[in-house]
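File shown here: final07.txt, holding compact mmCIF, C-alpha atoms.
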```txt
# COMPACT_ATOMS: atom_id res chain seq x y z
CA GLU A 277 -11.84 -8.09 -12.07
CA ASP A 278 -10.31 -5.23 -10.15
CA GLN A 279 -6.57 -5.35 -10.49
CA VAL A 280 -3.41 -3.46 -9.66
CA THR A 281 -0.15 -4.24 -11.44
CA GLN A 282 3.29 -2.73 -11.05
CA SER A 283 6.31 -2.64 -13.30
CA PRO A 284 9.10 -3.35 -13.36
CA GLU A 285 9.21 -6.13 -10.80
CA ALA A 286 12.75 -5.12 -9.87
CA LEU A 287 14.95 -2.19 -10.81
CA ARG A 288 18.63 -1.55 -10.22
CA LEU A 289 19.91 1.99 -10.58
CA GLN A 290 23.21 3.67 -10.09
CA GLU A 291 23.21 6.51 -7.57
CA GLY A 292 22.00 9.63 -9.37
CA GLU A 293 20.34 7.72 -12.21
CA SER A 294 16.72 8.88 -12.38
CA SER A 295 13.89 6.55 -13.35
CA SER A 296 10.16 5.86 -12.96
CA LEU A 297 8.05 3.10 -11.49
CA ASN A 298 4.64 2.29 -12.92
CA CYS A 299 1.37 1.30 -11.26
CA SER A 300 -1.56 0.38 -13.50
CA TYR A 301 -5.03 -0.18 -12.16
CA THR A 302 -8.42 -1.34 -13.34
CA VAL A 303 -10.90 -0.58 -10.57
CA SER A 304 -14.30 0.98 -10.59
CA GLY A 305 -14.86 4.16 -8.63
CA LEU A 306 -11.36 5.04 -7.53
CA ARG A 307 -11.34 6.61 -4.09
CA GLY A 308 -7.62 7.06 -3.92
CA LEU A 309 -4.32 5.70 -5.09
CA PHE A 310 -1.60 5.32 -2.49
CA TRP A 311 2.14 4.84 -2.69
CA TYR A 312 4.02 3.12 0.10
CA ARG A 313 7.64 2.31 0.73
CA GLN A 314 8.49 -0.96 2.46
CA ASP A 315 11.88 -1.79 3.92
CA PRO A 316 12.79 -5.44 4.64
CA GLY A 317 11.15 -6.68 7.83
CA LYS A 318 9.08 -3.51 8.24
CA GLY A 319 5.53 -2.46 7.61
CA PRO A 320 4.69 -0.30 4.59
CA GLU A 321 5.34 3.38 5.16
CA PHE A 322 2.89 5.82 3.61
CA LEU A 323 4.29 8.18 0.98
CA PHE A 324 1.51 9.75 -1.10
CA THR A 325 -2.22 9.82 -1.78
CA LEU A 326 -3.47 10.74 -5.24
CA TYR A 327 -7.12 11.11 -6.06
CA SER A 328 -7.70 12.99 -9.30
CA ALA A 329 -6.24 12.45 -12.76
CA GLY A 330 -3.56 15.07 -13.30
CA GLU A 331 -2.70 15.30 -9.63
CA GLU A 332 0.97 15.35 -8.60
CA LYS A 333 2.65 15.07 -5.21
CA GLU A 334 6.33 15.50 -4.32
CA LYS A 335 8.52 14.56 -1.41
CA GLU A 336 12.27 14.98 -1.57
CA ARG A 337 13.48 12.92 -4.55
CA LEU A 338 10.08 11.34 -5.18
CA LYS A 339 7.26 12.60 -7.33
CA ALA A 340 4.00 10.75 -7.88
CA THR A 341 1.60 11.41 -10.74
CA LEU A 342 -1.82 10.02 -11.64
CA THR A 343 -3.77 9.45 -14.84
CA LYS A 344 -7.09 7.67 -15.29
CA LYS A 345 -5.40 4.30 -15.68
CA GLU A 346 -1.99 4.51 -14.08
CA SER A 347 0.31 6.23 -11.69
CA PHE A 348 4.02 6.85 -11.88
CA LEU A 349 6.53 7.26 -9.10
CA HIS A 350 9.44 9.27 -10.44
CA ILE A 351 12.71 9.04 -8.57
CA THR A 352 15.14 11.84 -9.30
CA ALA A 353 18.86 11.41 -8.56
CA PRO A 354 18.26 8.47 -6.20
CA LYS A 355 20.53 7.63 -3.31
CA PRO A 356 21.29 4.20 -1.82
CA GLU A 357 18.91 4.94 1.06
CA ASP A 358 16.05 5.01 -1.47
CA SER A 359 16.50 1.26 -1.91
CA ALA A 360 13.25 -0.43 -0.85
CA THR A 361 10.15 -2.07 -2.25
CA TYR A 362 7.60 0.46 -3.48
CA LEU A 363 3.97 -0.57 -3.30
CA CYS A 364 0.94 1.06 -4.78
CA ALA A 365 -2.58 0.45 -3.57
CA VAL A 366 -6.03 1.60 -4.62
CA ARG A 367 -9.15 2.15 -2.59
CA GLN A 368 -12.47 1.73 -4.32
CA GLU A 369 -15.76 3.53 -4.07
CA ASN A 370 -17.85 0.93 -2.31
CA TYR A 371 -18.55 1.44 1.35
CA GLY A 372 -16.03 -0.42 3.43
CA GLN A 373 -14.18 -1.61 0.36
CA ASN A 374 -10.74 -2.80 1.08
CA PHE A 375 -7.45 -1.65 -0.31
CA VAL A 376 -6.07 -3.59 -3.25
CA PHE A 377 -2.30 -3.70 -3.36
CA GLY A 378 -0.01 -4.21 -6.29
CA PRO A 379 2.86 -6.69 -6.06
CA GLY A 380 5.48 -3.98 -5.65
CA THR A 381 8.69 -2.88 -7.36
CA ARG A 382 11.93 -3.78 -5.64
CA LEU A 383 14.34 -0.89 -6.12
CA SER A 384 18.07 -1.15 -5.53
CA VAL A 385 20.24 1.96 -5.78
CA LEU A 386 23.92 1.20 -6.01
CA PRO A 387 26.57 3.65 -4.76
CA GLU B 229 3.85 9.02 18.95
CA ALA B 230 1.13 7.88 16.57
CA GLN B 231 1.54 4.19 15.93
CA VAL B 232 0.07 0.79 15.26
CA THR B 233 1.49 -1.84 17.60
CA GLN B 234 1.41 -5.56 16.95
CA ASN B 235 2.37 -8.37 19.28
CA PRO B 236 4.12 -10.68 19.13
CA ARG B 237 6.62 -9.73 16.43
CA TYR B 238 7.68 -13.33 15.94
CA LEU B 239 5.93 -16.59 16.79
CA ILE B 240 6.71 -20.21 16.06
CA THR B 241 3.97 -22.62 17.01
CA VAL B 242 2.44 -25.94 16.01
CA THR B 243 -0.55 -26.96 13.97
CA GLY B 244 -3.84 -26.71 15.83
CA LYS B 245 -2.70 -24.61 18.78
CA LYS B 246 -4.93 -21.55 19.00
CA LEU B 247 -3.16 -18.22 18.90
CA THR B 248 -4.00 -14.54 18.94
CA VAL B 249 -2.05 -11.68 17.41
CA THR B 250 -2.89 -8.38 19.02
CA CYS B 251 -3.10 -5.01 17.29
CA SER B 252 -3.55 -1.65 18.94
CA GLN B 253 -3.59 1.88 17.54
CA ASN B 254 -3.41 5.17 19.43
CA MET B 255 -4.76 7.47 16.71
CA ASN B 256 -8.50 7.08 17.42
CA HIS B 257 -8.91 5.57 13.95
CA GLU B 258 -12.24 4.04 13.00
CA TYR B 259 -10.95 1.69 10.31
CA MET B 260 -8.62 -1.21 11.05
CA SER B 261 -7.56 -4.16 8.95
CA TRP B 262 -5.36 -7.22 8.81
CA TYR B 263 -3.17 -8.32 5.90
CA ARG B 264 -0.91 -11.20 5.16
CA GLN B 265 2.11 -10.83 2.92
CA ASP B 266 3.53 -13.78 1.02
CA PRO B 267 6.33 -13.87 -1.57
CA GLY B 268 4.93 -13.49 -5.05
CA LEU B 269 1.42 -12.77 -3.77
CA GLY B 270 1.89 -9.37 -2.19
CA LEU B 271 -0.33 -7.96 0.53
CA ARG B 272 -3.77 -9.53 0.79
CA GLN B 273 -6.47 -8.34 3.12
CA ILE B 274 -7.85 -10.86 5.62
CA TYR B 275 -10.48 -8.89 7.54
CA TYR B 276 -11.32 -5.29 8.12
CA SER B 277 -13.39 -3.30 10.59
CA MET B 278 -15.20 -0.08 9.85
CA ASN B 279 -15.72 0.66 13.54
CA VAL B 280 -16.45 -0.97 16.89
CA GLU B 281 -18.50 -4.16 16.46
CA VAL B 282 -18.42 -3.81 12.64
CA THR B 283 -16.20 -6.30 10.84
CA ASP B 284 -16.18 -7.85 7.38
CA LYS B 285 -14.23 -10.31 5.30
CA GLY B 286 -11.41 -9.28 3.02
CA ASP B 287 -9.97 -11.38 0.24
CA VAL B 288 -8.54 -14.29 2.27
CA PRO B 289 -10.59 -14.73 5.49
CA GLU B 290 -10.62 -18.55 5.70
CA GLY B 291 -9.08 -19.84 8.92
CA TYR B 292 -9.11 -16.48 10.69
CA LYS B 293 -11.37 -14.68 13.13
CA VAL B 294 -11.39 -11.10 14.35
CA SER B 295 -13.25 -9.02 16.88
CA ARG B 296 -13.53 -5.29 17.50
CA LYS B 297 -14.83 -4.67 21.00
CA GLU B 298 -12.86 -1.46 21.52
CA LYS B 299 -11.92 1.19 19.02
CA ARG B 300 -8.18 0.89 19.58
CA ASN B 301 -7.84 -2.92 19.45
CA PHE B 302 -8.33 -5.38 16.62
CA PRO B 303 -6.98 -8.85 17.45
CA LEU B 304 -6.50 -11.57 14.85
CA ILE B 305 -7.38 -15.07 16.01
CA LEU B 306 -6.24 -18.34 14.48
CA GLU B 307 -8.32 -20.98 16.21
CA SER B 308 -6.67 -23.99 14.57
CA PRO B 309 -3.55 -22.79 12.74
CA SER B 310 -2.22 -24.75 9.82
CA PRO B 311 1.14 -24.58 8.00
CA ASN B 312 -0.40 -22.66 5.07
CA GLN B 313 -0.98 -19.78 7.48
CA THR B 314 2.75 -19.32 7.87
CA SER B 315 3.20 -15.77 6.71
CA LEU B 316 4.07 -12.19 7.59
CA TYR B 317 1.04 -10.41 9.04
CA PHE B 318 0.36 -6.70 9.17
CA CYS B 319 -2.25 -4.70 11.00
CA ALA B 320 -3.20 -1.30 9.66
CA SER B 321 -5.54 1.55 10.53
CA SER B 322 -6.95 4.66 8.90
CA LEU B 323 -9.08 7.52 10.10
CA THR B 324 -12.24 6.25 8.43
CA GLY B 325 -13.30 3.45 6.12
CA VAL B 326 -14.36 5.74 3.32
CA GLY B 327 -12.61 8.46 1.43
CA ASN B 328 -8.97 8.69 0.59
CA GLN B 329 -7.25 8.54 3.95
CA PRO B 330 -4.18 6.33 3.88
CA GLN B 331 -3.66 3.32 6.07
CA HIS B 332 -0.84 3.26 8.61
CA PHE B 333 0.82 -0.07 9.23
CA GLY B 334 2.36 -1.85 12.17
CA ASP B 335 5.79 -3.45 11.92
CA GLY B 336 4.42 -6.94 11.31
CA THR B 337 4.21 -10.34 12.95
CA ARG B 338 6.16 -13.18 11.43
CA LEU B 339 4.22 -16.35 12.09
CA SER B 340 5.55 -19.87 11.53
CA ILE B 341 3.19 -22.83 11.91
CA LEU B 342 4.97 -26.18 12.07
```
What is this structure when it is put down as structure tokens?
Amino acid sequence: EDQVTQSPEALRLQEGESSSLNCSYTVSGLRGLFWYRQDPGKGPEFLFTLYSAGEEKEKERLKATLTKKESFLHITAPKPEDSATYLCAVRQENYGQNFVFGPGTRLSVLP
Amino acid sequence: EAQVTQNPRYLITVTGKKLTVTCSQNMNHEYMSWYRQDPGLGLRQIYYSMNVEVTDKGDVPEGYKVSRKEKRNFPLILESPSPNQTSLYFCASSLTGVGNQPQHFGDGTRLSIL
């Protein structure tokens, strides 16, 4: 069964304390892996698309990487405003196939 | 501004009273979809549409209907809502239904069925 898991479920960091979030997937024919940020009461906000193993994308304090089985979202020197739930999703090869979302990692960055 | 707009944002209603949640996008996207988000279950896709007049079931379609008569609009219809449909609903769109384009989400509709 196609599956996307994320770990940890929740993470508390001190401001400036770098860490990584994990997204593991078992899908056939990966069309893309996506990272989103979701703030309470808001819709997910797109961050990155990764498609090929070895690919990396960066945006401010965030860097996403992809292997054949997992993706990492590295957060360098986080700030309190980085606090949010981070979701990963995969899109599969089949025509019209939906996105499959992971359960998310709830990140809290304390000042 | 490119956006996905959902209405209403909040709705409290009663069991059995038909309701429609509207979704509109201004990006000329072909692909649109509906999700529900529940604690502990994450985002689950209800229905999606590859283009006008082309719709298909997602993972949790029971109790919902959709239609896609125009490219920009993709309403979600609950013909006889029940309490287990109380949830946070999101509409999303992407340029096409294939490839690696990301989906862009609306701000959500919080639905309570009493």
List every residue of chain A that has an atom at most 10 Å from any atom of chain B, giving for each one its closest atom pair and the distance in Å to one decimal, counting all atoms listed in the file, sorted by chain and then by ascending residue number, as a tab-separated table.
```
residue	atom	partner	partner_atom	distance
A:Leu306	CA	B:Asn328	CA	9.2
A:Arg307	CA	B:Asn328	CA	5.6
A:Gly308	CA	B:Asn328	CA	5.0
A:Leu309	CA	B:Asn328	CA	7.9
A:Phe310	CA	B:Pro330	CA	6.9
A:Trp311	CA	B:Pro330	CA	9.2
A:Tyr312	CA	B:Pro330	CA	9.6
A:Gly317	CA	B:Asp335	CA	7.5
A:Lys318	CA	B:Asp335	CA	4.9
A:Gly319	CA	B:Asp335	CA	4.4
A:Pro320	CA	B:Phe333	CA	6.0
A:Glu321	CA	B:Phe333	CA	7.0
A:Phe322	CA	B:His332	CA	6.7
A:Leu323	CA	B:Pro330	CA	9.1
A:Phe324	CA	B:Pro330	CA	8.3
A:Thr325	CA	B:Pro330	CA	6.9
A:Leu326	CA	B:Asn328	CA	8.3
A:Tyr327	CA	B:Asn328	CA	7.3
A:Leu363	CA	B:Gly270	CA	9.1
A:Ala365	CA	B:Leu271	CA	9.6
A:Val366	CA	B:Asn328	CA	9.3
A:Arg367	CA	B:Asn328	CA	7.3
A:Gln368	CA	B:Val326	CA	8.8
A:Glu369	CA	B:Val326	CA	7.8
A:Asn370	CA	B:Val326	CA	8.2
A:Tyr371	CA	B:Val326	CA	6.3
A:Gly372	CA	B:Gly325	CA	5.4
A:Gln373	CA	B:Gly325	CA	7.7
A:Asn374	CA	B:Gly286	CA	6.8
A:Phe375	CA	B:Gln273	CA	7.6
A:Val376	CA	B:Arg272	CA	7.5
A:Phe377	CA	B:Leu271	CA	6.1
A:Gly378	CA	B:Gly270	CA	6.9
A:Pro379	CA	B:Gly270	CA	4.8
A:Gly380	CA	B:Gly270	CA	7.3
```
**Asked** How far is it from CA of Arg337 (chain A) to CA of Ala360 (chain A), in Å with one decimal?
**Response** 13.9 Å
**Asked** So which residues are close to (-4.2, 4.6, -12.7), meaning at most 8 Å away in the file's coordinates with all atoms listed in the file counted, and can you show them as number ranges by chain?
**Response** A: 299-302, 309, 342-347
**Prompt:** What is the CA of Thr314 (chain B)-CA of Leu339 (chain B) distance in Å, reported with one decimal?
**Reply:**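 Here the two named atoms are 5.4 Å from each other.
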**Prompt:** Please, what distance in Å, to one decimal, runs between CA of Asp358 (chain A) and CA of Leu383 (chain A)?
**Reply:**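 So the answer is 7.7 Å.
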**Request:** Within 8 Å of Arg382 (chain A), counting all atoms listed in the file, which residues show up once you throw out same-chain ones fewer than 2 positions away? Write them as a list in words, please.
**Result:**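 After dropping sequence-adjacent residues, the list is Glu285, Ala286, Leu287, Ser359, Ala360, Thr361, Tyr362, Gly380 and Ser384 of chain A.
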Hey, can you spit out that residue selection with C-alpha atoms as a short mmCIF file (atom, residue, chain, number, x, y, z; two decimals), keeping the file's coordinate frame?
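For reference, result_9.cif as written:
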```cif
data_model
loop_
_atom_site.label_atom_id
_atom_site.label_comp_id
_atom_site.auth_asym_id
_atom_site.auth_seq_id
_atom_site.Cartn_x
_atom_site.Cartn_y
_atom_site.Cartn_z
CA GLU A 285 9.21 -6.13 -10.80
CA ALA A 286 12.75 -5.12 -9.87
CA LEU A 287 14.95 -2.19 -10.81
CA SER A 359 16.50 1.26 -1.91
CA ALA A 360 13.25 -0.43 -0.85
CA THR A 361 10.15 -2.07 -2.25
CA TYR A 362 7.60 0.46 -3.48
CA GLY A 380 5.48 -3.98 -5.65
CA SER A 384 18.07 -1.15 -5.53
#
```
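For the set B:Ala230, B:Ile240, B:Trp262, B:His257, the residue with the smallest atom-to-atom gap to Pro303 (chain B) is B:Trp262, counting only C-alpha atoms.
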**Request:** Could you give me, as a list in words, the residues within 10 Å of Pro311 (chain B), counting only C-alpha atoms and dropping anything in the same chain fewer than 6 positions from it?
**Result:** Thr241, Val242, Thr243, Gly244, Leu339, Ser340, Ile341 and Leu342 of chain B
**Item:** Spatial neighbours of Val385 (chain A), max dist 6 Å, only C-alpha atoms, sep filter under 3 positions, as a list in words
**Value:**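 Selected residues are Arg288, Leu289, Gln290, Glu291, Pro356 and Ser359 of chain A.
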**Item:** B:Ser315, B:Ser252, B:Ser308, B:Ser321 ranked by distance to Tyr292 (chain B), top pick (using all atoms listed in the file)
**Value:** B:Ser308
